[in-house]
>>> print(open('input27.csv').read())   # CSV, C-alpha atoms
chain,number,residue,atom,x,y,z
A,868,MET,CA,-19.9,-0.2,80.6
A,869,ASP,CA,-19.2,-3.4,82.5
A,870,ASN,CA,-16.4,-5.8,81.6
A,871,ARG,CA,-18.7,-8.4,80.2
A,872,ALA,CA,-20.1,-5.9,77.7
A,873,MET,CA,-16.6,-4.9,76.6
A,874,TRP,CA,-15.7,-8.5,75.9
A,875,ILE,CA,-18.7,-8.9,73.7
A,876,LEU,CA,-18.0,-5.6,71.8
A,877,PHE,CA,-14.3,-6.3,71.2
A,878,PRO,CA,-14.6,-9.3,68.9
A,879,ALA,CA,-17.3,-7.5,66.8
A,880,LEU,CA,-15.0,-4.5,66.3
A,881,SER,CA,-12.1,-6.9,65.4
A,882,LEU,CA,-14.3,-8.7,62.8
A,883,LEU,CA,-15.4,-5.4,61.2
A,884,MET,CA,-11.7,-4.2,60.9
A,885,PHE,CA,-10.7,-7.6,59.4
A,886,SER,CA,-13.5,-7.4,56.8
A,887,ILE,CA,-12.1,-4.1,55.4
A,888,THR,CA,-8.5,-5.2,55.2
A,889,GLY,CA,-7.1,-5.3,51.7
A,890,CYS,CA,-5.2,-8.2,50.1
A,891,SER,CA,-2.0,-6.5,51.0
A,892,GLY,CA,-2.7,-6.8,54.6
A,893,GLN,CA,-3.1,-3.0,55.0
A,894,THR,CA,-6.4,-1.7,56.4
A,895,GLN,CA,-8.5,0.4,54.0
A,896,LEU,CA,-11.2,2.8,55.0
A,897,THR,CA,-14.6,1.8,53.6
A,898,ASP,CA,-14.9,5.0,51.5
A,899,GLU,CA,-11.5,4.3,49.9
A,900,ILE,CA,-12.5,0.9,48.5
A,901,ALA,CA,-13.1,1.2,44.8
A,902,VAL,CA,-13.8,-1.2,41.9
A,903,GLU,CA,-11.4,-0.8,39.0
A,904,SER,CA,-13.1,-0.7,35.7
A,905,PRO,CA,-11.2,-2.2,32.7
A,906,THR,CA,-9.9,0.3,30.2
A,907,SER,CA,-9.3,-0.4,26.5
A,908,ALA,CA,-6.2,0.9,24.8
A,909,ALA,CA,-6.6,3.9,22.5
A,910,PRO,CA,-6.5,3.0,18.8
A,911,ALA,CA,-3.2,3.6,17.1
A,912,PRO,CA,-3.3,6.8,15.0
A,913,LYS,CA,-3.4,6.2,11.2
A,914,LEU,CA,-0.1,6.8,9.5
A,915,PRO,CA,-0.3,9.5,6.8
A,916,LYS,CA,0.2,8.1,3.3
A,917,LEU,CA,2.0,9.7,0.4
A,918,THR,CA,0.3,9.2,-2.9
A,919,LEU,CA,2.7,7.6,-5.3
A,920,ALA,CA,1.8,6.8,-9.0
A,921,ILE,CA,3.9,4.6,-11.2
A,922,HIS,CA,3.2,4.8,-15.0
A,923,TYR,CA,4.9,1.7,-16.5
A,924,GLU,CA,4.8,-0.9,-19.3
A,925,ALA,CA,4.9,-4.6,-19.0
A,926,LEU,CA,7.7,-5.2,-21.5
A,927,CYS,CA,9.7,-2.0,-20.9
A,928,PRO,CA,13.2,-2.9,-19.6
A,929,ASP,CA,13.4,0.4,-17.6
A,930,SER,CA,10.0,-0.3,-16.1
A,931,ILE,CA,11.0,-3.8,-15.1
A,932,PHE,CA,14.2,-2.6,-13.5
A,933,PHE,CA,12.5,0.2,-11.6
A,934,VAL,CA,9.7,-1.9,-10.2
A,935,ARG,CA,11.8,-4.8,-9.3
A,936,ARG,CA,15.0,-3.1,-8.2
A,937,ARG,CA,13.9,0.3,-6.9
A,938,LEU,CA,10.3,0.4,-5.9
A,939,HIS,CA,9.8,-3.1,-4.5
A,940,ASP,CA,13.0,-2.9,-2.4
A,941,ALA,CA,12.4,0.6,-1.1
A,942,LEU,CA,8.8,-0.1,0.1
A,943,LEU,CA,9.8,-3.4,1.7
A,944,ASP,CA,13.2,-2.5,3.2
A,945,ASN,CA,12.1,0.8,4.7
A,946,ASP,CA,8.7,-0.4,5.8
A,947,TRP,CA,7.0,2.2,3.6
A,948,TRP,CA,4.0,0.2,2.6
A,949,PRO,CA,1.9,1.6,5.5
A,950,ARG,CA,3.1,5.1,4.5
A,951,THR,CA,2.3,4.8,0.8
A,952,GLU,CA,-0.9,5.1,-1.3
A,953,LEU,CA,0.4,3.3,-4.3
A,954,LYS,CA,-1.3,3.6,-7.7
A,955,LEU,CA,-0.1,1.6,-10.7
A,956,TYR,CA,-0.8,2.5,-14.3
A,957,PRO,CA,0.2,-0.2,-16.9
A,958,PHE,CA,0.0,1.9,-20.0
A,959,GLY,CA,3.1,4.0,-20.6
A,960,LYS,CA,3.7,5.4,-24.1
A,961,ALA,CA,0.7,3.6,-25.6
A,962,ALA,CA,-1.9,5.4,-27.7
A,963,PHE,CA,-5.5,5.0,-28.7
A,964,TYR,CA,-6.7,5.4,-32.2
A,965,ASN,CA,-10.0,4.9,-34.0
A,966,ASN,CA,-9.9,2.2,-36.6
A,967,THR,CA,-12.4,3.5,-39.2
A,968,GLU,CA,-12.4,0.3,-41.2
A,969,ILE,CA,-14.0,-1.7,-38.3
A,970,GLY,CA,-15.4,1.2,-36.4
A,971,GLU,CA,-13.6,0.4,-33.1
A,972,LEU,CA,-11.2,2.0,-30.7
A,973,GLN,CA,-7.8,0.3,-30.9
A,974,LEU,CA,-4.5,0.5,-29.2
A,975,PHE,CA,-0.9,1.0,-30.2
A,976,CYS,CA,1.8,0.0,-27.7
A,977,GLN,CA,5.5,0.9,-27.6
A,978,HIS,CA,6.7,-2.7,-27.5
A,979,GLY,CA,4.1,-4.2,-29.8
A,980,ARG,CA,0.8,-6.0,-29.6
A,981,GLU,CA,2.0,-8.4,-27.0
A,982,GLU,CA,2.7,-5.5,-24.6
A,983,CYS,CA,-0.9,-4.2,-25.0
A,984,GLU,CA,-2.2,-7.6,-24.0
A,985,LEU,CA,0.1,-7.9,-21.0
A,986,ASN,CA,-0.7,-4.3,-19.9
A,987,ALA,CA,-4.4,-5.2,-20.0
A,988,LEU,CA,-3.6,-8.4,-18.0
A,989,HIS,CA,-1.8,-6.3,-15.3
A,990,ALA,CA,-4.8,-3.9,-15.3
A,991,CYS,CA,-7.2,-6.9,-14.6
A,992,VAL,CA,-4.9,-8.0,-11.8
A,993,LEU,CA,-5.1,-4.6,-10.3
A,994,GLU,CA,-8.9,-4.5,-10.6
A,995,HIS,CA,-9.5,-7.9,-9.0
A,996,LEU,CA,-6.9,-8.3,-6.3
A,997,GLU,CA,-6.1,-6.3,-3.2
A,998,LEU,CA,-3.3,-3.9,-4.0
A,999,ARG,CA,-0.5,-5.5,-2.0
A,1000,LYS,CA,-1.3,-8.9,-3.5
A,1001,ALA,CA,-1.6,-7.4,-7.0
A,1002,PHE,CA,1.8,-5.7,-6.6
A,1003,ASP,CA,3.4,-8.9,-5.4
A,1004,LEU,CA,1.9,-10.8,-8.4
A,1005,ILE,CA,3.0,-8.1,-10.9
A,1006,TYR,CA,6.5,-8.0,-9.3
A,1007,CYS,CA,6.8,-11.8,-9.9
A,1008,MET,CA,5.4,-11.5,-13.5
A,1009,LEU,CA,8.0,-8.9,-14.3
A,1010,ARG,CA,10.8,-11.4,-13.6
A,1011,SER,CA,10.7,-12.4,-17.3
A,1012,TYR,CA,9.2,-11.1,-20.5
A,1013,THR,CA,6.7,-14.0,-20.5
A,1014,ASN,CA,4.8,-12.4,-17.5
A,1015,SER,CA,3.6,-15.9,-16.5
A,1016,ILE,CA,0.5,-15.2,-14.4
A,1017,ASP,CA,-0.2,-18.9,-13.6
A,1018,ALA,CA,3.3,-19.7,-12.4
A,1019,CYS,CA,3.4,-16.6,-10.2
A,1020,ALA,CA,-0.1,-17.1,-8.8
A,1021,ALA,CA,0.8,-20.7,-7.8
A,1022,ARG,CA,4.0,-19.5,-6.1
A,1023,LEU,CA,2.0,-16.8,-4.2
A,1024,SER,CA,-1.0,-19.0,-3.6
A,1025,LEU,CA,-3.3,-16.5,-5.2
A,1026,ASP,CA,-6.6,-17.1,-7.0
A,1027,VAL,CA,-6.4,-15.2,-10.3
A,1028,THR,CA,-9.6,-16.6,-11.9
A,1029,ALA,CA,-11.4,-13.3,-11.8
A,1030,ALA,CA,-8.4,-11.4,-13.3
A,1031,LYS,CA,-8.1,-14.0,-16.1
A,1032,ASP,CA,-11.8,-13.8,-16.8
A,1033,CYS,CA,-11.5,-10.0,-17.0
A,1034,LYS,CA,-8.9,-10.3,-19.6
A,1035,ARG,CA,-10.7,-13.0,-21.6
A,1036,THR,CA,-14.1,-11.4,-21.7
A,1037,ARG,CA,-13.3,-7.8,-22.3
A,1038,LYS,CA,-11.5,-6.0,-25.1
A,1039,THR,CA,-8.0,-4.7,-24.4
A,1040,PRO,CA,-8.7,-1.0,-25.2
A,1041,GLU,CA,-11.7,-1.0,-22.9
A,1042,ILE,CA,-9.7,-2.5,-20.1
A,1043,LEU,CA,-6.9,0.1,-20.5
A,1044,LEU,CA,-9.0,3.1,-21.2
A,1045,PRO,CA,-9.1,4.5,-17.6
A,1046,TYR,CA,-5.4,3.9,-17.2
A,1047,GLY,CA,-4.7,5.5,-20.5
A,1048,ARG,CA,-6.7,8.6,-19.6
A,1049,GLU,CA,-4.6,9.2,-16.5
A,1050,THR,CA,-1.3,8.5,-18.3
A,1051,LEU,CA,-2.0,10.5,-21.5
A,1052,ALA,CA,-3.0,13.5,-19.4
A,1053,LEU,CA,0.6,13.8,-18.2
A,1054,GLY,CA,2.2,14.0,-21.7
A,1055,LEU,CA,5.0,11.8,-20.4
A,1056,SER,CA,8.1,11.3,-22.6
A,1057,PHE,CA,9.8,8.4,-20.7
A,1058,VAL,CA,8.7,5.2,-19.0
A,1059,PRO,CA,8.6,4.6,-16.2
A,1060,THR,CA,7.3,7.9,-14.9
A,1061,ILE,CA,6.9,8.4,-11.1
A,1062,VAL,CA,4.5,11.0,-9.7
A,1063,PHE,CA,4.5,12.0,-6.0
A,1064,ASP,CA,1.4,13.6,-4.5
A,1065,ASN,CA,-0.3,14.1,-7.9
A,1066,ASN,CA,2.5,16.6,-8.8
A,1067,PHE,CA,4.2,15.5,-12.1
A,1068,GLU,CA,7.8,16.8,-12.3
A,1069,PRO,CA,8.9,16.0,-15.9
A,1070,TYR,CA,12.5,17.3,-15.4
A,1071,GLU,CA,13.1,15.4,-12.2
A,1072,GLN,CA,12.2,12.0,-13.6
A,1073,SER,CA,15.7,10.8,-14.2
A,1074,SER,CA,16.8,11.7,-10.7
A,1075,ILE,CA,13.7,10.1,-9.2
A,1076,ARG,CA,14.3,6.9,-11.0
A,1077,TYR,CA,17.8,6.5,-9.8
A,1078,ASN,CA,17.5,8.2,-6.4
A,1079,PHE,CA,14.0,7.1,-5.5
A,1080,GLU,CA,14.4,6.7,-1.8
A,1081,ALA,CA,15.9,10.2,-1.4
A,1082,HIS,CA,13.0,11.7,-3.3
A,1083,PHE,CA,10.4,9.7,-1.3
A,1084,CYS,CA,11.9,11.0,1.9
A,1085,ARG,CA,11.9,14.6,0.7
A,1086,GLU,CA,8.4,14.4,-0.6
A,1087,TYR,CA,7.1,12.8,2.6
A,1088,LYS,CA,8.7,15.4,4.8
A,1089,ARG,CA,7.4,18.2,2.5
A,1090,LYS,CA,3.9,16.9,2.6
A,1091,PHE,CA,3.6,15.8,6.3
A,1092,HIS,CA,6.5,17.6,8.0
A,1093,ILE,CA,7.7,14.2,9.2
A,1094,THR,CA,11.2,12.7,8.8
A,1095,LEU,CA,10.8,9.0,8.4
A,1096,PRO,CA,13.0,6.7,10.5
A,1097,THR,CA,15.2,5.5,7.6
A,1098,CYS,CA,15.5,8.9,6.0
A,1099,GLY,CA,18.1,10.2,8.4
>>> encode(input="input27.csv", output="structure tokens")
Amino acid sequence: MDNRAMWILFPALSLLMFSITGCSGQTQLTDEIAVESPTSAAPAPKLPKLTLAIHYEALCPDSIFFVRRRLHDALLDNDWWPRTELKLYPFGKAAFYNNTEIGELQLFCQHGREECELNALHACVLEHLELRKAFDLIYCMLRSYTNSIDACAARLSLDVTAAKDCKRTRKTPEILLPYGRETLALGLSFVPTIVFDNNFEPYEQSSIRYNFEAHFCREYKRKFHITLPTCG
């Protein structure tokens, strides 16, 4: 090959080598150049939830204390909401009876007629609001024996129109019937009653009420073989 041909070929080779040089300045072989495809992060695994049922009454001092001082704080402080499938039953030690004089199912409540009506209002709240919002509203309502739904709804910026319509347009025994069936099946003797994983432990109730967090930790570990971060 003569010198003139070499001078023509050299710039062409230089141009080819330059065209396959990466942005780092290092030369890549053409079969090593690859286009990176975007990858999406794997979805986070769902946290296992422990079923927790609370059978309570709207005017029961022990129910109010447990919901406001034990349950609320434990779920919030330990970040247990994502770990809990909470079920609330506002019925307690109430009882149904047939009033033969008027031919209707009626209701007796431990703390009087007013409690029956408030239990039914709580049930309507549970039916018509998402659970966490319903719980926050009930927590607020249990601050006093008036159970003021309007003041609490305003404070929490919640629309309770459907819940109030539920209470206004339906009879109290009808509203509470599904909650009563679940509660009466337990044959409970004290309110509140706390049930983990659908396993009612009547002789453990006092300990559960006053050592709720320890029992929650134990039941969660028993069910899922997981020790929660705040359980130690």
>>> residues_around(input="input27.csv", residues="His978 in chain A", least_positions_apart="2", cutoff="10 Å", atoms="only C-alpha atoms", output="PyMOL selection string")
chain A and resi 924-927+960-961+975-976+980-983
>>> atom_distance(input="input27.csv", atom1="CA of Ala987 in chain A", atom2="CA of Lys1034 in chain A")
6.8 Å
>>> closest_residue(input="input27.csv", among="A:Leu974, A:Arg1010, A:Ile1061, A:Gly959", to="His1082 in chain A", atoms="all atoms listed in the file")
A:Ile1061
>>> residues_around(input="input27.csv", residues="range 912-917 of chain A", least_positions_apart="6", cutoff="7 Å", atoms="only C-alpha atoms", output="list in words")
Pro949, Arg950, Thr951, Glu952, Asp1064 and Tyr1087 of chain A
>>> residues_around(input="input27.csv", residues="Leu985 in chain A", least_positions_apart="6", cutoff="10 Å", atoms="only C-alpha atoms", output="PyMOL selection string")
chain A and resi 924-926+957-958+991+1008+1012-1016+1034+1039
>>> closest_residue(input="input27.csv", among="A:Ile921, A:Leu1043, A:Ala1052, A:Cys1098", to="Leu955 in chain A", atoms="all atoms listed in the file")
A:Ile921
>>> closest_residue(input="input27.csv", among="A:Tyr1046, A:Trp948, A:Gln973, A:Asn1065", to="His989 in chain A", atoms="all atoms listed in the file")
A:Tyr1046
>>> closest_residue(input="input27.csv", among="A:Tyr956, A:Phe1083, A:Trp947, A:Tyr964", to="Val1058 in chain A", atoms="only C-alpha atoms")
A:Tyr956
>>> atom_distance(input="input27.csv", atom1="CA of Pro1040 in chain A", atom2="CA of Leu972 in chain A")
6.7 Å
>>> residues_around(input="input27.csv", residues="Glu1080 in chain A", least_positions_apart="4", cutoff="10 Å", atoms="all atoms listed in the file", output="number ranges by chain")
A: 937-938, 940-942, 945, 1075-1076, 1084-1086, 1097-1098
>>> closest_residue(input="input27.csv", among="A:Thr1094, A:Ser1011, A:Thr967, A:Thr1036", to="Arg935 in chain A", atoms="all atoms listed in the file")
A:Ser1011
>>> atom_distance(input="input27.csv", atom1="CA of Leu1004 in chain A", atom2="CA of Val992 in chain A")
8.1 Å
>>> residues_around(input="input27.csv", residues="Val1062 in chain A", least_positions_apart="5", cutoff="7 Å", atoms="only C-alpha atoms", output="mmCIF file with C-alpha atoms, keeping the file's coordinate frame")
data_model
loop_
_atom_site.group_PDB
_atom_site.id
_atom_site.type_symbol
_atom_site.label_atom_id
_atom_site.label_comp_id
_atom_site.auth_asym_id
_atom_site.auth_seq_id
_atom_site.Cartn_x
_atom_site.Cartn_y
_atom_site.Cartn_z
ATOM 1 C CA LEU A 919 2.700 7.600 -5.300
ATOM 2 C CA ALA A 920 1.800 6.800 -9.000
ATOM 3 C CA ILE A 921 3.900 4.600 -11.200
ATOM 4 C CA PHE A 1067 4.200 15.500 -12.100
#
>>> closest_residue(input="input27.csv", among="A:Ile1005, A:Ser930, A:Glu1049, A:Gly1099", to="Ala1018 in chain A", atoms="all atoms listed in the file")
A:Ile1005
